[in-house]
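Structure file upload.csv; described as CSV, C-alpha atoms.
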chain,number,residue,atom,x,y,z
A,13,MET,CA,7.2,-3.5,-3.1
A,14,SER,CA,7.7,-1.1,-6.0
A,15,ALA,CA,5.7,2.0,-6.7
A,16,ASN,CA,4.0,0.4,-9.7
A,17,ASN,CA,2.3,-2.5,-8.1
A,18,GLN,CA,0.6,-0.2,-5.6
A,19,LEU,CA,-0.8,2.1,-8.4
A,20,ARG,CA,-4.2,1.4,-9.9
A,21,GLU,CA,-5.3,3.0,-13.2
A,22,TRP,CA,-8.7,3.9,-14.5
A,23,TYR,CA,-9.9,5.6,-17.7
A,24,PRO,CA,-12.5,8.4,-17.1
A,25,PHE,CA,-15.1,9.0,-19.8
A,26,VAL,CA,-14.0,11.9,-22.1
A,27,GLY,CA,-16.9,14.0,-23.2
A,28,PRO,CA,-16.9,16.0,-26.4
A,29,PHE,CA,-17.6,19.3,-24.5
A,30,ASP,CA,-14.9,19.1,-21.8
A,31,PRO,CA,-12.9,22.3,-22.2
A,32,CYS,CA,-9.7,21.2,-20.4
A,33,PRO,CA,-7.3,18.8,-22.3
A,34,PRO,CA,-8.5,15.4,-21.1
A,35,ILE,CA,-6.5,13.3,-18.6
A,36,ILE,CA,-6.8,9.9,-20.2
A,37,VAL,CA,-5.5,7.8,-17.4
A,38,LYS,CA,-6.2,8.5,-13.7
A,39,THR,CA,-4.3,6.7,-10.9
A,40,TYR,CA,-4.8,6.1,-7.2
A,41,VAL,CA,-2.7,4.3,-4.6
A,42,VAL,CA,-3.6,1.1,-2.8
A,43,PRO,CA,-1.2,0.8,0.1
A,44,PRO,CA,0.0,-2.7,1.2
A,45,ASN,CA,-1.9,-2.6,4.5
A,46,GLN,CA,-5.0,-3.3,2.5
A,47,TYR,CA,-3.8,-6.8,1.8
A,48,ILE,CA,-2.6,-7.6,5.3
A,49,PRO,CA,-5.5,-8.5,7.6
A,50,TYR,CA,-3.2,-8.8,10.6
A,51,GLN,CA,0.5,-8.3,10.5
A,52,PRO,CA,2.3,-11.7,10.9
A,53,MET,CA,5.1,-12.1,13.5
A,54,ASN,CA,8.7,-12.0,12.5
A,55,LEU,CA,8.4,-10.1,9.3
A,56,PRO,CA,11.8,-8.9,7.9
A,57,GLN,CA,12.8,-5.4,9.1
A,58,PHE,CA,14.6,-2.5,7.6
A,59,PRO,CA,17.9,-1.4,9.2
A,60,LEU,CA,17.2,1.4,11.7
A,61,ASP,CA,18.5,4.2,9.5
A,62,GLN,CA,16.4,3.2,6.6
A,63,ALA,CA,13.4,2.6,8.8
A,64,LEU,CA,13.4,6.2,9.9
A,65,LYS,CA,14.0,7.4,6.4
A,66,LEU,CA,11.1,5.4,5.0
A,67,GLY,CA,8.7,5.8,7.9
A,68,THR,CA,8.2,2.2,8.8
A,69,LEU,CA,10.2,-0.7,10.3
A,70,TRP,CA,8.7,-3.2,8.0
A,71,PRO,CA,9.2,-3.5,4.2
A,72,ALA,CA,5.8,-5.2,4.0
A,73,LEU,CA,4.1,-2.0,5.1
A,74,TYR,CA,6.2,0.4,3.0
A,75,SER,CA,4.2,2.4,0.5
A,76,PRO,CA,6.3,4.6,-1.8
A,77,TYR,CA,4.9,7.8,-3.3
A,78,GLU,CA,6.5,10.1,-5.8
A,79,SER,CA,5.5,13.8,-6.4
A,80,LYS,CA,3.6,14.6,-9.5
A,81,CYS,CA,5.0,18.1,-9.4
A,82,GLY,CA,6.5,19.0,-12.8
A,83,THR,CA,5.3,15.8,-14.5
A,84,GLY,CA,2.2,17.3,-16.1
A,85,GLY,CA,0.1,15.6,-13.5
A,86,PRO,CA,-2.9,17.1,-11.7
A,87,ARG,CA,-1.1,20.4,-11.0
A,88,PRO,CA,-0.2,22.4,-14.1
B,17,MET,CA,22.2,36.1,15.8
B,18,SER,CA,22.3,33.8,18.8
B,19,GLU,CA,25.8,32.9,19.9
B,20,LYS,CA,25.2,29.2,20.1
B,21,GLN,CA,26.2,27.3,17.1
B,22,LEU,CA,25.5,23.6,16.4
B,23,ASP,CA,28.2,21.4,15.0
B,24,ALA,CA,27.9,18.5,12.6
B,25,ASN,CA,28.3,16.1,15.5
B,26,TYR,CA,25.1,17.4,17.0
B,27,TYR,CA,23.1,16.5,13.9
B,28,ALA,CA,24.7,13.1,13.6
B,29,LYS,CA,24.0,12.2,17.3
B,30,LEU,CA,20.5,13.6,17.1
B,31,LEU,CA,19.8,11.5,14.0
B,32,GLU,CA,21.1,8.4,15.7
B,33,LEU,CA,18.7,9.0,18.6
B,34,GLN,CA,15.9,9.6,16.2
B,35,GLN,CA,16.6,6.3,14.5
B,36,LEU,CA,16.6,4.4,17.7
B,37,ASP,CA,13.5,6.1,19.0
B,38,PHE,CA,11.6,5.5,15.8
B,39,ALA,CA,12.3,1.8,15.9
B,40,LEU,CA,11.1,1.8,19.5
B,41,LEU,CA,7.9,3.6,18.6
B,42,GLU,CA,7.2,1.3,15.7
B,43,LEU,CA,7.7,-1.8,17.9
B,44,ASN,CA,5.6,-0.1,20.6
B,45,LEU,CA,2.6,0.3,18.3
B,46,TYR,CA,3.2,-3.2,16.9
B,47,LEU,CA,3.3,-4.7,20.4
B,48,ASP,CA,0.1,-2.9,21.3
B,49,THR,CA,-1.6,-5.3,18.9
B,50,HIS,CA,0.8,-8.2,19.3
B,51,PRO,CA,1.4,-8.5,23.0
B,52,ASN,CA,2.5,-12.2,22.7
B,53,ASP,CA,5.4,-11.7,20.3
B,54,MET,CA,8.3,-12.5,22.6
B,55,GLN,CA,11.0,-11.8,20.0
B,56,ALA,CA,9.6,-8.3,19.5
B,57,VAL,CA,9.5,-7.7,23.3
B,58,THR,CA,13.1,-8.8,23.5
B,59,GLN,CA,14.1,-6.5,20.6
B,60,PHE,CA,12.2,-3.6,22.3
B,61,ASN,CA,14.0,-4.1,25.5
B,62,GLN,CA,17.4,-4.3,23.9
B,63,LEU,CA,16.8,-1.1,21.8
B,64,ALA,CA,15.4,0.6,25.0
B,65,GLN,CA,18.7,0.0,26.7
B,66,LYS,CA,20.7,1.2,23.7
B,67,ARG,CA,18.5,4.3,23.6
B,68,GLN,CA,19.2,5.1,27.2
B,69,GLN,CA,22.9,5.1,26.6
B,70,CYS,CA,22.6,7.1,23.4
B,71,ALA,CA,20.4,9.7,25.2
B,72,TYR,CA,22.7,9.9,28.1
B,73,HIS,CA,25.7,10.8,26.0
B,74,PHE,CA,23.6,13.3,23.9
B,75,GLU,CA,22.4,15.0,27.0
B,76,HIS,CA,25.8,15.3,28.5
B,77,GLN,CA,27.0,17.1,25.4
B,78,TYR,CA,24.0,19.1,24.3
B,79,GLY,CA,21.7,19.5,27.4
B,80,PRO,CA,18.6,17.9,28.7
B,81,LEU,CA,16.2,16.2,26.3
B,82,MET,CA,13.2,15.9,28.7
B,83,ASN,CA,11.6,18.2,31.3
B,84,TYR,CA,10.1,17.5,34.7
B,85,GLY,CA,13.0,15.6,36.1
B,86,HIS,CA,13.5,13.0,33.4
B,87,SER,CA,16.8,14.6,32.6
B,88,TYR,CA,19.5,16.2,34.7
B,89,SER,CA,20.6,19.8,34.4
B,90,LYS,CA,23.9,21.6,34.8
B,91,PHE,CA,24.0,25.0,36.4
B,92,PRO,CA,22.6,27.4,35.4
B,93,TRP,CA,19.3,25.8,34.4
B,94,GLN,CA,19.6,24.4,30.9
B,95,TRP,CA,16.2,23.3,29.9
B,96,SER,CA,14.9,26.7,28.8
B,97,GLU,CA,17.9,27.4,26.6
B,98,ALA,CA,17.5,27.6,22.8
B,99,PRO,CA,17.5,26.0,20.3
B,100,TRP,CA,14.1,24.4,20.3
B,101,PRO,CA,13.4,21.5,18.0
B,102,TRP,CA,11.8,23.6,15.3
B,103,GLN,CA,14.7,26.0,15.2
B,104,VAL,CA,17.6,23.5,14.5
C,5,MET,CA,0.4,13.1,31.9
C,6,TRP,CA,2.8,13.9,29.2
C,7,VAL,CA,6.5,14.7,29.3
C,8,TYR,CA,8.0,16.8,26.5
C,9,GLU,CA,11.0,15.6,24.6
C,10,LYS,CA,13.2,18.4,23.1
C,11,LYS,CA,13.6,16.8,19.6
C,12,LEU,CA,11.5,16.2,16.5
C,13,GLN,CA,10.4,12.7,15.6
C,14,TYR,CA,12.0,13.2,12.2
C,15,PRO,CA,14.6,15.7,10.9
C,16,VAL,CA,12.5,18.3,9.1
C,17,ARG,CA,14.2,20.3,6.4
C,18,VAL,CA,12.9,22.7,3.8
C,19,SER,CA,15.1,24.1,1.0
C,20,LYS,CA,13.5,27.5,0.3
C,21,CYS,CA,11.3,30.2,1.7
C,22,ASP,CA,7.9,29.2,0.4
C,23,PRO,CA,4.8,30.8,2.1
C,24,ARG,CA,2.6,29.4,-0.6
C,25,MET,CA,3.3,25.8,0.5
C,26,ALA,CA,3.0,26.9,4.1
C,27,LYS,CA,-0.6,27.9,3.5
C,28,PHE,CA,-1.4,24.6,2.0
C,29,LEU,CA,0.3,22.7,4.9
C,30,LEU,CA,-2.1,24.3,7.3
C,31,GLU,CA,-4.6,21.6,6.1
C,32,GLN,CA,-2.6,19.1,8.2
C,33,TYR,CA,-2.2,21.6,11.0
C,34,GLY,CA,-5.8,22.8,11.7
C,35,GLY,CA,-7.8,20.8,9.0
C,36,ALA,CA,-10.5,18.2,9.5
C,37,ASP,CA,-8.1,15.3,8.8
C,38,GLY,CA,-5.0,17.1,10.1
C,39,GLU,CA,-2.7,16.1,12.9
C,40,LEU,CA,-4.4,18.1,15.7
C,41,ALA,CA,-7.8,16.5,14.8
C,42,ALA,CA,-6.1,13.1,14.8
C,43,ALA,CA,-4.4,13.5,18.2
C,44,LEU,CA,-7.6,14.8,19.9
C,45,ARG,CA,-9.8,12.2,18.3
C,46,TYR,CA,-7.8,9.2,19.5
C,47,LEU,CA,-6.9,10.6,22.9
C,48,ASN,CA,-10.6,11.4,23.6
C,49,GLN,CA,-11.8,8.0,22.4
C,50,ARG,CA,-9.5,6.1,24.7
C,51,TYR,CA,-11.7,6.7,27.7
C,52,THR,CA,-14.6,4.6,26.4
C,53,ILE,CA,-12.9,2.0,24.2
C,54,PRO,CA,-12.3,-1.6,25.5
C,55,ASP,CA,-9.1,-1.9,27.6
C,56,LYS,CA,-7.4,-4.1,25.1
C,57,VAL,CA,-7.1,-1.3,22.5
C,58,VAL,CA,-6.7,1.7,24.8
C,59,GLY,CA,-2.9,1.5,24.6
C,60,LEU,CA,-2.9,1.7,20.8
C,61,LEU,CA,-5.2,4.8,20.8
C,62,ASN,CA,-3.0,6.3,23.5
C,63,ASP,CA,0.2,5.7,21.7
C,64,ILE,CA,-1.0,6.7,18.2
C,65,GLY,CA,-2.7,9.8,19.7
C,66,THR,CA,0.6,10.8,21.3
C,67,GLU,CA,2.6,10.2,18.0
C,68,GLU,CA,0.1,12.6,16.3
C,69,PHE,CA,1.3,15.4,18.5
C,70,ALA,CA,4.9,14.7,17.3
C,71,HIS,CA,3.5,15.0,13.7
C,72,LEU,CA,1.7,18.2,14.6
C,73,GLU,CA,5.1,19.6,15.7
C,74,MET,CA,6.7,18.5,12.4
C,75,ILE,CA,4.0,20.2,10.4
C,76,ALA,CA,4.4,23.4,12.6
C,77,THR,CA,8.2,23.2,12.0
C,78,MET,CA,7.7,23.0,8.2
C,79,ILE,CA,5.3,26.0,8.3
C,80,TYR,CA,7.6,27.9,10.6
C,81,LYS,CA,10.7,27.3,8.4
C,82,LEU,CA,8.8,28.1,5.1
C,83,THR,CA,7.6,31.4,6.4
C,84,LYS,CA,10.2,32.4,8.9
C,85,ASP,CA,11.8,35.4,7.2
C,86,ALA,CA,9.2,36.0,4.5
C,87,THR,CA,8.3,39.6,3.9
C,88,VAL,CA,4.8,41.0,4.1
C,89,GLU,CA,4.7,41.2,0.3
C,90,GLN,CA,5.6,37.5,0.0
C,91,LEU,CA,3.0,36.5,2.6
C,92,GLU,CA,0.3,38.5,0.8
C,93,ALA,CA,1.3,37.0,-2.6
C,94,ALA,CA,1.0,33.6,-1.1
C,95,GLY,CA,-2.6,34.2,0.2
C,96,LEU,CA,-1.4,34.7,3.8
C,97,GLY,CA,-2.3,38.4,3.9
C,98,ALA,CA,-5.3,37.9,6.1
C,99,ASN,CA,-3.2,35.8,8.4
C,100,TYR,CA,-0.7,38.6,8.6
C,101,ALA,CA,-3.4,41.1,9.3
C,102,GLN,CA,-4.6,39.1,12.3
C,103,ARG,CA,-1.4,37.7,13.8
C,104,ASP,CA,1.8,38.7,11.9
C,105,HIS,CA,3.9,35.5,11.4
C,106,ALA,CA,2.1,33.5,14.1
C,107,MET,CA,0.4,30.2,13.2
C,108,PHE,CA,-3.1,29.3,14.1
C,109,TYR,CA,-5.2,26.2,14.0
C,110,VAL,CA,-6.9,26.9,10.7
C,111,ASN,CA,-7.2,24.7,7.5
C,112,ALA,CA,-5.7,25.7,4.1
C,113,ASP,CA,-8.8,27.8,3.5
C,114,GLY,CA,-8.2,29.7,6.7
C,115,VAL,CA,-11.2,28.2,8.5
C,116,PRO,CA,-10.6,27.7,12.2
C,117,TRP,CA,-10.4,24.2,13.6
C,118,THR,CA,-13.5,22.9,15.2
C,119,ALA,CA,-14.4,19.9,17.4
C,120,ALA,CA,-17.1,19.2,14.9
C,121,TYR,CA,-14.4,17.6,12.7
C,122,ILE,CA,-14.0,14.7,15.1
C,123,GLN,CA,-16.4,12.1,16.6
C,124,ALA,CA,-16.7,9.9,19.6
C,125,LYS,CA,-19.6,7.4,19.2
C,126,GLY,CA,-18.8,5.3,22.3
C,127,ASP,CA,-19.0,2.2,20.1
C,128,PRO,CA,-15.7,0.5,19.5
C,129,LEU,CA,-16.3,-0.5,15.9
C,130,ALA,CA,-17.8,2.9,14.9
C,131,ASP,CA,-14.9,4.7,16.5
C,132,LEU,CA,-12.2,2.5,15.0
C,133,TYR,CA,-13.7,2.7,11.5
C,134,GLU,CA,-13.7,6.5,11.9
C,135,ASP,CA,-10.0,6.3,12.8
C,136,ILE,CA,-9.2,4.1,9.8
C,137,ALA,CA,-11.0,6.5,7.5
C,138,ALA,CA,-9.2,9.5,9.1
C,139,GLU,CA,-5.8,7.9,8.4
C,140,GLU,CA,-6.7,7.2,4.8
C,141,LYS,CA,-7.9,10.8,4.3
C,142,ALA,CA,-4.7,12.1,5.9
C,143,ARG,CA,-2.7,9.9,3.6
C,144,ALA,CA,-4.5,11.2,0.6
C,145,THR,CA,-4.0,14.8,1.8
C,146,TYR,CA,-0.2,14.2,2.1
C,147,GLN,CA,-0.2,12.8,-1.4
C,148,TRP,CA,-1.8,16.0,-2.8
C,149,LEU,CA,0.7,18.1,-0.8
C,150,ILE,CA,3.7,16.1,-2.1
C,151,ASP,CA,2.3,16.7,-5.6
C,152,MET,CA,2.3,20.5,-5.0
C,153,THR,CA,5.9,21.1,-4.2
C,154,ASP,CA,9.2,20.6,-6.1
C,155,ASP,CA,11.2,21.0,-2.8
C,156,VAL,CA,12.7,17.6,-2.3
C,157,ASP,CA,13.5,18.3,1.4
C,158,LEU,CA,9.9,19.2,2.1
C,159,GLN,CA,8.7,16.2,0.1
C,160,ASP,CA,11.0,14.0,2.2
C,161,GLY,CA,9.3,15.0,5.5
C,162,LEU,CA,5.8,14.7,4.0
C,163,LYS,CA,6.6,11.2,2.6
C,164,PHE,CA,7.6,10.1,6.2
C,165,LEU,CA,4.3,11.5,7.5
C,166,ARG,CA,2.3,9.8,4.7
C,167,GLU,CA,3.9,6.4,5.5
C,168,ARG,CA,2.9,6.9,9.2
C,169,GLU,CA,-0.7,7.1,8.1
C,170,VAL,CA,-0.3,3.7,6.3
C,171,VAL,CA,1.1,2.1,9.5
C,172,HIS,CA,-1.5,3.7,11.7
C,173,ALA,CA,-4.3,2.4,9.5
C,174,MET,CA,-2.8,-1.1,9.7
C,175,ARG,CA,-2.8,-1.0,13.5
C,176,PHE,CA,-6.4,0.3,13.7
C,177,LYS,CA,-7.4,-2.5,11.4
C,178,GLU,CA,-5.8,-4.9,13.8
C,179,ALA,CA,-7.6,-3.2,16.7
C,180,VAL,CA,-10.9,-4.0,14.9
C,181,GLU,CA,-9.8,-7.7,14.7
C,182,ILE,CA,-9.1,-7.6,18.4
C,183,ILE,CA,-12.5,-6.2,19.1
C,184,LYS,CA,-14.2,-8.8,16.9
C,185,ALA,CA,-12.3,-11.7,18.4
C,186,ASP,CA,-12.6,-10.7,22.1
C,187,ARG,CA,-14.9,-13.4,23.4
C,188,GLU,CA,-12.7,-14.9,26.1
C,189,ALA,CA,-11.1,-16.7,23.2
C,190,LYS,CA,-7.6,-15.7,24.3
C,191,LYS,CA,-4.4,-15.7,22.4
C,192,VAL,CA,-5.8,-15.9,18.9
C,193,PHE,CA,-2.9,-13.8,17.6

Would you kindly transcribe this structure into structure tokens?
Amino acid sequence: MSANNQLREWYPFVGPFDPCPPIIVKTYVVPPNQYIPYQPMNLPQFPLDQALKLGTLWPALYSPYESKCGTGGPRP
Amino acid sequence: MSEKQLDANYYAKLLELQQLDFALLELNLYLDTHPNDMQAVTQFNQLAQKRQQCAYHFEHQYGPLMNYGHSYSKFPWQWSEAPWPWQV
Amino acid sequence: MWVYEKKLQYPVRVSKCDPRMAKFLLEQYGGADGELAAALRYLNQRYTIPDKVVGLLNDIGTEEFAHLEMIATMIYKLTKDATVEQLEAAGLGANYAQRDHAMFYVNADGVPWTAAYIQAKGDPLADLYEDIAAEEKARATYQWLIDMTDDVDLQDGLKFLREREVVHAMRFKEAVEIIKADREAKKVF
């Protein structure tokens, strides 16, 4: 699963008296476990080196997350 | 500075063990909620055997991984020697 | 009982001395949704949860201690040779006044850990839903921490820990299903 299809967007109301430059689009993550009621047997697995690196043995449970540091995200 | 220096092989072998142990941990948690998945049990047992060999070789070279008699020690007592995991 | 293993669950690296991030990481050390709280929450709940899910609480609780050690390792490395001036500038002056470079179970605000952070209701659903919520909160905290650093090595370890929260939440959800289905109707899964 790519980062994009786990990200949700919403557009907060921008008031005329908000002093900080408005963030037009806000995002939050919905990890894949939210769509798996009970993990099915025999799901494909990552190779062991990749599993450790990514933090799970199963691609179906993998949730990528990239830092917003330096992207003009929440932290200036 | 402590006289003991770790070589690249130490980090490679440690990583190999961490990879095996991580897969075992993941399968362990999975099996806690899927006790009837025979294929996963088989994979778990195979990896456990591989892990045992890997840990055996690692301990032979770099000293005991576990305390309280789950690992052997050379003389003098090796367990309390640095480095500790947060130092390497 | 527990037996210690002289290795980390994941190879922790940081690429610079950064006491500022160390202070923020304390949230996962001694914070309400941190690793200490998680370990103690699950290991305490195991005594009164139905037998079928004791193993899961036991094993996730144990893994949380490995995560606590990873967080401690990050904080240790980020502050190891920091000067008093650096610590003060990072907001760790009060910590230095109390304990030099020693860590303590406080959150990012410096508030000591308290058992009031965790619950045991003695009801399997109430306990498991608390556990799921705790995992989601810890996942969110890891996201905000990842957002706060440009150190890719530190990000790497934090991303691993964040993913573990996702997997734990998955398992706790399955435990809820086991609790719901347990009516002598065996082998549903």

Practice task
Pick out the chain B residues within 7 Å of chain C. Count only C-alpha atoms. Give them as a ChimeraX atom specification.
Solution key: /B:34,45,48-50,81-83,100-102

What are the closest atom pairs, with distances in Å to one decimal, for each residue of chain A lying within 8 Å of chain B, using all atoms listed in the file, rows by chain and rising residue number, as a tab-separated table?
residue	atom	partner	partner_atom	distance
A:Met53	CA	B:Asp53	CA	6.8
A:Asn54	CA	B:Gln55	CA	7.8
A:Leu60	CA	B:Gln35	CA	5.7
A:Asp61	CA	B:Gln35	CA	5.7
A:Ala63	CA	B:Ala39	CA	7.2
A:Leu64	CA	B:Gln35	CA	5.6
A:Thr68	CA	B:Glu42	CA	7.0
A:Leu69	CA	B:Ala39	CA	6.5

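In terms of minimum interatomic distance to chain C, A:Ser79 ranks closest within A:Gln18, A:Gln57, A:Ser79, A:Gln51, counting all atoms listed in the file.
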
Problem - Contact set, chain C to chain A: 6 Å, all atoms listed in the file, as a PyMOL selection string - result: chain C and resi 150-152+154+164+167+174+178

Exercise for the section: Please measure the separation of atom CA of Glu31 of chain C and atom CA of Asp113 of chain C, giving the value in Å to one decimal. Expected result: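 Atom CA of Asp113 of chain C lies at a distance of 7.9 Å from atom CA of Glu31 of chain C.
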
Neighbour list for Phe25 of chain A as a PDB file with C-alpha atoms, in the frame of the given file, cut-off 10 Å, all atoms listed in the file, skip fewer than 6 positions in-chain:
ATOM      1  CA  PRO A  34      -8.500  15.400 -21.100  1.00  0.00           C
ATOM      2  CA  ILE A  35      -6.500  13.300 -18.600  1.00  0.00           C
ATOM      3  CA  ILE A  36      -6.800   9.900 -20.200  1.00  0.00           C
ATOM      4  CA  VAL A  37      -5.500   7.800 -17.400  1.00  0.00           C
TER       5      VAL A  37
END

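Interatomic distance, atom CA of Met107 of chain C to atom CA of His71 of chain C: 15.5 Å.
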
Practice task
Go through C:Val180, C:Leu129, C:Leu149, C:Ala137 and flag the residue nearest Thr52 of chain C, using only C-alpha atoms for the distances.
Solution key: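 Of the candidates, the smallest distance to Thr52 of chain C is held by C:Leu129.
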
Handout entry: Computed interatomic separation between atom CA of Asn44 of chain B and atom CA of Val57 of chain B (Å)
Key =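 Computing the Euclidean distance for atom CA of Asn44 of chain B and atom CA of Val57 of chain B yields 9.0 Å.
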
Handout entry: Nearest candidate to Gly79 of chain B (options B:Ala98, B:Gln62, B:Arg67, B:Asp23; using all atoms listed in the file)
Key =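 For Gly79 of chain B, the nearest of the candidates is B:Ala98.
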
Would you mind putting N, CA and C atoms back on segment 144-169 of chain C and writing the result as a PDB file, keeping the file's coordinate frame?
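Heads up, here's the output in part36.pdb:
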ATOM      1  N   ALA C 144      -4.172  10.616   1.869  1.00  0.00           N
ATOM      2  CA  ALA C 144      -4.500  11.200   0.600  1.00  0.00           C
ATOM      3  C   ALA C 144      -4.063  12.722   0.592  1.00  0.00           C
ATOM      4  N   THR C 145      -4.351  13.416   1.685  1.00  0.00           N
ATOM      5  CA  THR C 145      -4.000  14.800   1.800  1.00  0.00           C
ATOM      6  C   THR C 145      -2.448  14.981   1.618  1.00  0.00           C
ATOM      7  N   TYR C 146      -1.694  14.092   2.269  1.00  0.00           N
ATOM      8  CA  TYR C 146      -0.200  14.200   2.100  1.00  0.00           C
ATOM      9  C   TYR C 146       0.175  13.946   0.675  1.00  0.00           C
ATOM     10  N   GLN C 147      -0.507  13.058  -0.025  1.00  0.00           N
ATOM     11  CA  GLN C 147      -0.200  12.800  -1.400  1.00  0.00           C
ATOM     12  C   GLN C 147      -0.364  14.120  -2.236  1.00  0.00           C
ATOM     13  N   TRP C 148      -1.486  14.794  -2.030  1.00  0.00           N
ATOM     14  CA  TRP C 148      -1.800  16.000  -2.800  1.00  0.00           C
ATOM     15  C   TRP C 148      -0.739  17.103  -2.445  1.00  0.00           C
ATOM     16  N   LEU C 149      -0.347  17.138  -1.176  1.00  0.00           N
ATOM     17  CA  LEU C 149       0.700  18.100  -0.800  1.00  0.00           C
ATOM     18  C   LEU C 149       2.019  17.818  -1.412  1.00  0.00           C
ATOM     19  N   ILE C 150       2.388  16.538  -1.437  1.00  0.00           N
ATOM     20  CA  ILE C 150       3.700  16.100  -2.100  1.00  0.00           C
ATOM     21  C   ILE C 150       3.624  16.505  -3.559  1.00  0.00           C
ATOM     22  N   ASP C 151       2.449  16.362  -4.184  1.00  0.00           N
ATOM     23  CA  ASP C 151       2.300  16.700  -5.600  1.00  0.00           C
ATOM     24  C   ASP C 151       2.509  18.204  -5.865  1.00  0.00           C
ATOM     25  N   MET C 152       2.289  19.026  -4.838  1.00  0.00           N
ATOM     26  CA  MET C 152       2.300  20.500  -5.000  1.00  0.00           C
ATOM     27  C   MET C 152       3.621  21.157  -4.863  1.00  0.00           C
ATOM     28  N   THR C 153       4.639  20.427  -4.435  1.00  0.00           N
ATOM     29  CA  THR C 153       5.900  21.100  -4.200  1.00  0.00           C
ATOM     30  C   THR C 153       7.064  20.353  -4.949  1.00  0.00           C
ATOM     31  N   ASP C 154       8.029  21.146  -5.434  1.00  0.00           N
ATOM     32  CA  ASP C 154       9.200  20.600  -6.100  1.00  0.00           C
ATOM     33  C   ASP C 154      10.393  20.560  -5.074  1.00  0.00           C
ATOM     34  N   ASP C 155      10.134  20.973  -3.854  1.00  0.00           N
ATOM     35  CA  ASP C 155      11.200  21.000  -2.800  1.00  0.00           C
ATOM     36  C   ASP C 155      11.364  19.596  -2.264  1.00  0.00           C
ATOM     37  N   VAL C 156      12.490  18.979  -2.649  1.00  0.00           N
ATOM     38  CA  VAL C 156      12.700  17.600  -2.300  1.00  0.00           C
ATOM     39  C   VAL C 156      12.860  17.376  -0.774  1.00  0.00           C
ATOM     40  N   ASP C 157      13.392  18.390  -0.104  1.00  0.00           N
ATOM     41  CA  ASP C 157      13.500  18.300   1.400  1.00  0.00           C
ATOM     42  C   ASP C 157      12.150  18.277   2.017  1.00  0.00           C
ATOM     43  N   LEU C 158      11.284  19.159   1.564  1.00  0.00           N
ATOM     44  CA  LEU C 158       9.900  19.200   2.100  1.00  0.00           C
ATOM     45  C   LEU C 158       9.187  17.896   1.751  1.00  0.00           C
ATOM     46  N   GLN C 159       9.351  17.449   0.505  1.00  0.00           N
ATOM     47  CA  GLN C 159       8.700  16.200   0.100  1.00  0.00           C
ATOM     48  C   GLN C 159       9.177  15.045   1.026  1.00  0.00           C
ATOM     49  N   ASP C 160      10.442  15.058   1.405  1.00  0.00           N
ATOM     50  CA  ASP C 160      11.000  14.000   2.200  1.00  0.00           C
ATOM     51  C   ASP C 160      10.244  13.885   3.571  1.00  0.00           C
ATOM     52  N   GLY C 161      10.047  15.007   4.247  1.00  0.00           N
ATOM     53  CA  GLY C 161       9.300  15.000   5.500  1.00  0.00           C
ATOM     54  C   GLY C 161       7.855  14.585   5.316  1.00  0.00           C
ATOM     55  N   LEU C 162       7.258  15.057   4.217  1.00  0.00           N
ATOM     56  CA  LEU C 162       5.800  14.700   4.000  1.00  0.00           C
ATOM     57  C   LEU C 162       5.682  13.251   3.624  1.00  0.00           C
ATOM     58  N   LYS C 163       6.688  12.662   2.961  1.00  0.00           N
ATOM     59  CA  LYS C 163       6.600  11.200   2.600  1.00  0.00           C
ATOM     60  C   LYS C 163       6.682  10.390   3.928  1.00  0.00           C
ATOM     61  N   PHE C 164       7.518  10.828   4.859  1.00  0.00           N
ATOM     62  CA  PHE C 164       7.600  10.100   6.200  1.00  0.00           C
ATOM     63  C   PHE C 164       6.200  10.164   6.822  1.00  0.00           C
ATOM     64  N   LEU C 165       5.598  11.362   6.853  1.00  0.00           N
ATOM     65  CA  LEU C 165       4.300  11.500   7.500  1.00  0.00           C
ATOM     66  C   LEU C 165       3.214  10.675   6.803  1.00  0.00           C
ATOM     67  N   ARG C 166       3.295  10.631   5.480  1.00  0.00           N
ATOM     68  CA  ARG C 166       2.300   9.800   4.700  1.00  0.00           C
ATOM     69  C   ARG C 166       2.452   8.350   5.087  1.00  0.00           C
ATOM     70  N   GLU C 167       3.673   7.854   5.167  1.00  0.00           N
ATOM     71  CA  GLU C 167       3.900   6.400   5.500  1.00  0.00           C
ATOM     72  C   GLU C 167       3.343   6.135   6.907  1.00  0.00           C
ATOM     73  N   ARG C 168       3.460   7.087   7.822  1.00  0.00           N
ATOM     74  CA  ARG C 168       2.900   6.900   9.200  1.00  0.00           C
ATOM     75  C   ARG C 168       1.427   6.636   9.146  1.00  0.00           C
ATOM     76  N   GLU C 169       0.733   7.300   8.225  1.00  0.00           N
ATOM     77  CA  GLU C 169      -0.700   7.100   8.100  1.00  0.00           C
ATOM     78  C   GLU C 169      -1.009   5.657   7.694  1.00  0.00           C
TER      79      GLU C 169
END
